[in-house]
Amino acid sequence: MDWSWIPSNSGQILQLTGENAYLGIVPALIGLVIALPLGIAAARWNWFYPPTLTVLNIIYAIPSLALFIALIPAFGLTDTNVVIALTLYSLCVITPNVVAGLRAVPAAARQAATAMGYGPARRLLTVELPLAVPVIIAGLRVAVVSGISLASIGQLIGVSQLGYLFIDGLQRSFPTEVYVGLVLIIALAIVCDLLLVGVRRILTPWEAR
């Protein structure tokens, strides 16, 4: 382990870490925006969920590198390629959690909201979704952590992030780069996971600590 390499390359390390964070977080957030209406529809219409889940499972079964390569003709060797691929994977994780969260809302809560004169839209926004937040955030946590990990594979198609340290370290037989990249990906995943735990606590202050 060459410790002197780290401070002498700190600028590049920070840049790669920022790029990896972007490629791991942004697709999960886009996936959440898409998964919410998709999950609401699947929770409302029972017939809609099985085919949706089948499609999502098929997408999730595609190896990440194969999906990156399949998107090259349309999006080239760009960040967009990785963002789209990871957004699809995040949908596979978040959508079932949206459905599970909404279906877990107690019937008594729905009935109480209806008795208070809440229409379907208001009941969804002010009662059902807030109660489903813990389950939805759990899915988002998995999507972000897995996205941060999978983003590193994007280096194989030339998309810069911490995966560069793995490839460069292997080619140069310089394990320090590999160790630094590994530690930073783990640290980035932990930080993002803890931030989402904090967001969940803010959004659900009624939950027991």
# chains A, B, ... in the order shown; residues from 1 in each chain; ligands from 1
>>> residues_around(residues="Ile137 (chain A)", least_positions_apart="2", cutoff="8 Å", atoms="only C-alpha atoms", output="list of chain:residue names")
A:Val133, A:Pro134, A:Val135, A:Gly139, A:Leu140, A:Arg141, A:Leu196, A:Val197, A:Arg200
>>> residues_around(residues="Ala138 (chain A)", least_positions_apart="6", cutoff="12 Å", atoms="only C-alpha atoms", output="list of chain:residue names")
A:Leu32, A:Val93, A:Ile94, A:Thr95, A:Pro96, A:Asn97, A:Val98, A:Ala100, A:Gly101, A:Ala132, A:Val144, A:Val145, A:Asp193, A:Leu194, A:Leu196, A:Val197, A:Gly198, A:Val199, A:Arg200, A:Arg201
>>> residues_around(residues="region 164-177 of chain A", least_positions_apart="5", cutoff="8 Å", atoms="only C-alpha atoms", output="number ranges by chain")
A: 1-3, 5, 16, 152, 155
>>> write_last_selection(atoms="all heavy atoms", output="CSV table (one decimal), in the first residue's frame")
chain,number,residue,atom,x,y,z
A,1,MET,N,0.8,-1.2,0.0
A,1,MET,CA,0.0,0.0,0.0
A,1,MET,C,0.9,1.2,0.0
A,1,MET,O,1.7,1.5,0.9
A,1,MET,CB,-0.9,0.0,1.2
A,1,MET,CG,-1.9,1.1,1.3
A,1,MET,SD,-3.2,0.9,0.1
A,1,MET,CE,-4.2,2.4,0.5
A,2,ASP,N,0.8,2.1,-1.0
A,2,ASP,CA,1.6,3.3,-1.2
A,2,ASP,C,0.7,4.5,-0.7
A,2,ASP,O,0.0,5.1,-1.5
A,2,ASP,CB,2.0,3.5,-2.6
A,2,ASP,CG,2.9,4.6,-2.8
A,2,ASP,OD1,3.2,5.3,-1.8
A,2,ASP,OD2,3.3,4.9,-4.0
A,3,TRP,N,0.9,4.8,0.6
A,3,TRP,CA,0.1,5.9,1.2
A,3,TRP,C,0.4,7.2,0.5
A,3,TRP,O,-0.5,8.1,0.5
A,3,TRP,CB,0.3,5.9,2.7
A,3,TRP,CG,-0.2,4.7,3.4
A,3,TRP,CD1,0.6,3.7,3.9
A,3,TRP,CD2,-1.5,4.4,3.7
A,3,TRP,NE1,-0.2,2.7,4.4
A,3,TRP,CE2,-1.5,3.1,4.4
A,3,TRP,CE3,-2.8,5.0,3.5
A,3,TRP,CZ2,-2.7,2.5,4.8
A,3,TRP,CZ3,-3.9,4.3,3.9
A,3,TRP,CH2,-3.9,3.1,4.6
A,5,TRP,N,0.6,8.0,-2.5
A,5,TRP,CA,-0.1,8.1,-3.7
A,5,TRP,C,-1.4,8.9,-3.5
A,5,TRP,O,-1.9,9.6,-4.4
A,5,TRP,CB,-0.4,6.8,-4.4
A,5,TRP,CG,-1.2,6.8,-5.6
A,5,TRP,CD1,-0.7,7.0,-6.9
A,5,TRP,CD2,-2.6,6.8,-5.8
A,5,TRP,NE1,-1.7,7.0,-7.8
A,5,TRP,CE2,-2.9,6.9,-7.1
A,5,TRP,CE3,-3.6,6.6,-4.9
A,5,TRP,CZ2,-4.2,6.8,-7.6
A,5,TRP,CZ3,-4.9,6.5,-5.4
A,5,TRP,CH2,-5.2,6.7,-6.7
A,16,LEU,N,-13.4,11.7,-9.2
A,16,LEU,CA,-13.9,10.4,-9.5
A,16,LEU,C,-15.0,10.1,-8.5
A,16,LEU,O,-16.1,9.5,-8.9
A,16,LEU,CB,-12.8,9.3,-9.5
A,16,LEU,CG,-11.8,9.4,-10.6
A,16,LEU,CD1,-10.7,8.4,-10.4
A,16,LEU,CD2,-12.4,9.2,-12.0
A,152,SER,N,-19.6,1.7,-11.1
A,152,SER,CA,-18.2,1.5,-11.3
A,152,SER,C,-18.0,0.6,-12.6
A,152,SER,O,-16.9,0.7,-13.2
A,152,SER,CB,-17.6,0.8,-10.1
A,152,SER,OG,-18.1,-0.5,-9.9
A,155,GLN,N,-17.1,2.1,-16.2
A,155,GLN,CA,-15.7,2.4,-16.6
A,155,GLN,C,-15.3,1.5,-17.8
A,155,GLN,O,-14.5,1.9,-18.7
A,155,GLN,CB,-14.7,2.2,-15.5
A,155,GLN,CG,-13.3,2.6,-15.8
A,155,GLN,CD,-13.2,4.1,-16.2
A,155,GLN,OE1,-13.7,4.9,-15.5
A,155,GLN,NE2,-12.5,4.4,-17.2
>>> closest_atom_pairs(of="region 101-192 of chain A", to="region 83-88 of chain A", cutoff="8 Å", atoms="only C-alpha atoms", output="JSON lines")
{"residue": "A:Gly147", "atom": "CA", "partner": "A:Leu86", "partner_atom": "CA", "distance": 6.2}
{"residue": "A:Leu150", "atom": "CA", "partner": "A:Leu86", "partner_atom": "CA", "distance": 7.7}
{"residue": "A:Ala151", "atom": "CA", "partner": "A:Leu86", "partner_atom": "CA", "distance": 7.6}
>>> closest_residue(among="A:Leu188, A:Ala70, A:Ala104, A:Leu14", to="Ile148 (chain A)", atoms="only C-alpha atoms")
A:Leu188
>>> residues_around(residues="Cys92 (chain A)", least_positions_apart="4", cutoff="8 Å", atoms="only C-alpha atoms", output="list of chain:residue names")
A:Leu53, A:Leu56, A:Asn57, A:Ile59, A:Tyr60, A:Leu88, A:Pro96
>>> atom_distance(atom1="CA of Leu156 (chain A)", atom2="CA of Val33 (chain A)")
28.2 Å
>>> select_by_dssp(residues="region 75-206 of chain A", states="helix (DSSP H, G or I)", output="MDAnalysis selection string")
chainID A and resid 75 79:103 107:115 120:157 163:171 175:203
>>> atom_distance(atom1="CA of Thr17 (chain A)", atom2="CA of Val183 (chain A)")
10.9 Å
>>> closest_residue(among="A:Leu195, A:Ile6, A:Ile157, A:Leu131", to="Ser64 (chain A)", atoms="only C-alpha atoms")
A:Ile157
>>> closest_residue(among="A:Ala43, A:Leu125, A:Ile30, A:Ile13", to="Gly181 (chain A)", atoms="only C-alpha atoms")
A:Ile13
>>> closest_residue(among="A:Gly154, A:Ile34, A:Leu102, A:Ile190", to="Leu71 (chain A)", atoms="only C-alpha atoms")
A:Gly154
>>> closest_residue(among="A:Ile69, A:Ala74, A:Leu184, A:Val99", to="Asn46 (chain A)", atoms="only C-alpha atoms")
A:Val99
>>> closest_residue(among="A:Tyr89, A:Trp206, A:Tyr179, A:Tyr22", to="Ala35 (chain A)", atoms="only C-alpha atoms")
A:Tyr89
>>> decode(residues="region 102-185 of chain A", atoms="C-alpha atoms", output="PDB file, in the first residue's frame")
ATOM      1  CA  LEU A 102     -49.376   1.473  -0.152  1.00  0.00           C
ATOM      2  CA  ARG A 103     -50.946  -1.937   0.376  1.00  0.00           C
ATOM      3  CA  ALA A 104     -49.689  -1.968   3.967  1.00  0.00           C
ATOM      4  CA  VAL A 105     -51.609   1.207   4.858  1.00  0.00           C
ATOM      5  CA  PRO A 106     -54.223   0.159   7.462  1.00  0.00           C
ATOM      6  CA  ALA A 107     -57.766   0.052   6.142  1.00  0.00           C
ATOM      7  CA  ALA A 108     -58.858   1.978   9.244  1.00  0.00           C
ATOM      8  CA  ALA A 109     -56.662   4.915   8.187  1.00  0.00           C
ATOM      9  CA  ARG A 110     -58.248   4.991   4.745  1.00  0.00           C
ATOM     10  CA  GLN A 111     -61.739   4.748   6.202  1.00  0.00           C
ATOM     11  CA  ALA A 112     -61.052   7.544   8.698  1.00  0.00           C
ATOM     12  CA  ALA A 113     -59.772   9.806   5.902  1.00  0.00           C
ATOM     13  CA  THR A 114     -62.834   9.050   3.782  1.00  0.00           C
ATOM     14  CA  ALA A 115     -65.122   9.748   6.741  1.00  0.00           C
ATOM     15  CA  MET A 116     -63.436  13.137   7.136  1.00  0.00           C
ATOM     16  CA  GLY A 117     -64.365  13.982   3.565  1.00  0.00           C
ATOM     17  CA  TYR A 118     -61.036  13.304   1.879  1.00  0.00           C
ATOM     18  CA  GLY A 119     -61.280  12.495  -1.816  1.00  0.00           C
ATOM     19  CA  PRO A 120     -59.066   9.786  -3.386  1.00  0.00           C
ATOM     20  CA  ALA A 121     -56.303  12.205  -4.434  1.00  0.00           C
ATOM     21  CA  ARG A 122     -56.159  14.031  -1.102  1.00  0.00           C
ATOM     22  CA  ARG A 123     -56.270  10.764   0.827  1.00  0.00           C
ATOM     23  CA  LEU A 124     -53.388   9.421  -1.262  1.00  0.00           C
ATOM     24  CA  LEU A 125     -51.206  12.489  -0.784  1.00  0.00           C
ATOM     25  CA  THR A 126     -51.909  13.212   2.876  1.00  0.00           C
ATOM     26  CA  VAL A 127     -52.562   9.768   4.344  1.00  0.00           C
ATOM     27  CA  GLU A 128     -51.470   6.815   2.226  1.00  0.00           C
ATOM     28  CA  LEU A 129     -48.148   8.037   0.832  1.00  0.00           C
ATOM     29  CA  PRO A 130     -46.899   9.423   4.184  1.00  0.00           C
ATOM     30  CA  LEU A 131     -47.681   6.097   5.860  1.00  0.00           C
ATOM     31  CA  ALA A 132     -45.917   4.246   3.023  1.00  0.00           C
ATOM     32  CA  VAL A 133     -42.776   6.413   3.249  1.00  0.00           C
ATOM     33  CA  PRO A 134     -40.711   3.978   5.407  1.00  0.00           C
ATOM     34  CA  VAL A 135     -41.168   1.132   2.916  1.00  0.00           C
ATOM     35  CA  ILE A 136     -40.550   3.401  -0.081  1.00  0.00           C
ATOM     36  CA  ILE A 137     -37.385   4.832   1.485  1.00  0.00           C
ATOM     37  CA  ALA A 138     -36.189   1.287   2.170  1.00  0.00           C
ATOM     38  CA  GLY A 139     -36.415   0.560  -1.552  1.00  0.00           C
ATOM     39  CA  LEU A 140     -34.687   3.834  -2.388  1.00  0.00           C
ATOM     40  CA  ARG A 141     -31.830   2.949  -0.034  1.00  0.00           C
ATOM     41  CA  VAL A 142     -31.251  -0.334  -1.837  1.00  0.00           C
ATOM     42  CA  ALA A 143     -31.432   1.408  -5.223  1.00  0.00           C
ATOM     43  CA  VAL A 144     -28.886   4.080  -4.251  1.00  0.00           C
ATOM     44  CA  VAL A 145     -26.403   1.662  -2.665  1.00  0.00           C
ATOM     45  CA  SER A 146     -26.591  -0.804  -5.559  1.00  0.00           C
ATOM     46  CA  GLY A 147     -26.399   2.071  -8.054  1.00  0.00           C
ATOM     47  CA  ILE A 148     -23.196   3.372  -6.477  1.00  0.00           C
ATOM     48  CA  SER A 149     -21.703  -0.103  -6.833  1.00  0.00           C
ATOM     49  CA  LEU A 150     -22.961  -0.807 -10.358  1.00  0.00           C
ATOM     50  CA  ALA A 151     -21.839   2.605 -11.613  1.00  0.00           C
ATOM     51  CA  SER A 152     -18.226   1.457 -11.331  1.00  0.00           C
ATOM     52  CA  ILE A 153     -18.823  -1.047 -14.133  1.00  0.00           C
ATOM     53  CA  GLY A 154     -19.477   1.891 -16.440  1.00  0.00           C
ATOM     54  CA  GLN A 155     -15.711   2.384 -16.642  1.00  0.00           C
ATOM     55  CA  LEU A 156     -15.615  -0.614 -18.981  1.00  0.00           C
ATOM     56  CA  ILE A 157     -17.403   1.487 -21.611  1.00  0.00           C
ATOM     57  CA  GLY A 158     -15.313   4.565 -20.869  1.00  0.00           C
ATOM     58  CA  VAL A 159     -17.564   6.398 -18.381  1.00  0.00           C
ATOM     59  CA  SER A 160     -15.329   7.972 -15.744  1.00  0.00           C
ATOM     60  CA  GLN A 161     -15.869   7.348 -12.013  1.00  0.00           C
ATOM     61  CA  LEU A 162     -14.248   5.271  -9.257  1.00  0.00           C
ATOM     62  CA  GLY A 163     -14.203   2.236 -11.526  1.00  0.00           C
ATOM     63  CA  TYR A 164     -11.242   3.930 -13.217  1.00  0.00           C
ATOM     64  CA  LEU A 165      -9.139   3.154 -10.145  1.00  0.00           C
ATOM     65  CA  PHE A 166      -9.923  -0.555 -10.461  1.00  0.00           C
ATOM     66  CA  ILE A 167      -9.031  -0.738 -14.141  1.00  0.00           C
ATOM     67  CA  ASP A 168      -5.938   1.454 -13.882  1.00  0.00           C
ATOM     68  CA  GLY A 169      -4.715  -0.288 -10.754  1.00  0.00           C
ATOM     69  CA  LEU A 170      -5.118  -3.700 -12.386  1.00  0.00           C
ATOM     70  CA  GLN A 171      -3.393  -2.677 -15.609  1.00  0.00           C
ATOM     71  CA  ARG A 172      -0.467  -1.118 -13.717  1.00  0.00           C
ATOM     72  CA  SER A 173      -0.320  -3.873 -11.069  1.00  0.00           C
ATOM     73  CA  PHE A 174      -0.764  -1.099  -8.504  1.00  0.00           C
ATOM     74  CA  PRO A 175      -3.147  -2.388  -5.802  1.00  0.00           C
ATOM     75  CA  THR A 176      -3.236   0.936  -3.941  1.00  0.00           C
ATOM     76  CA  GLU A 177      -5.653   2.327  -6.539  1.00  0.00           C
ATOM     77  CA  VAL A 178      -7.892  -0.721  -6.209  1.00  0.00           C
ATOM     78  CA  TYR A 179      -8.012  -0.444  -2.404  1.00  0.00           C
ATOM     79  CA  VAL A 180      -8.709   3.285  -2.493  1.00  0.00           C
ATOM     80  CA  GLY A 181     -11.527   2.813  -5.024  1.00  0.00           C
ATOM     81  CA  LEU A 182     -13.033  -0.011  -2.969  1.00  0.00           C
ATOM     82  CA  VAL A 183     -12.938   1.949   0.292  1.00  0.00           C
ATOM     83  CA  LEU A 184     -14.412   5.063  -1.326  1.00  0.00           C
ATOM     84  CA  ILE A 185     -17.313   3.157  -2.905  1.00  0.00           C
TER      85      ILE A 185
END
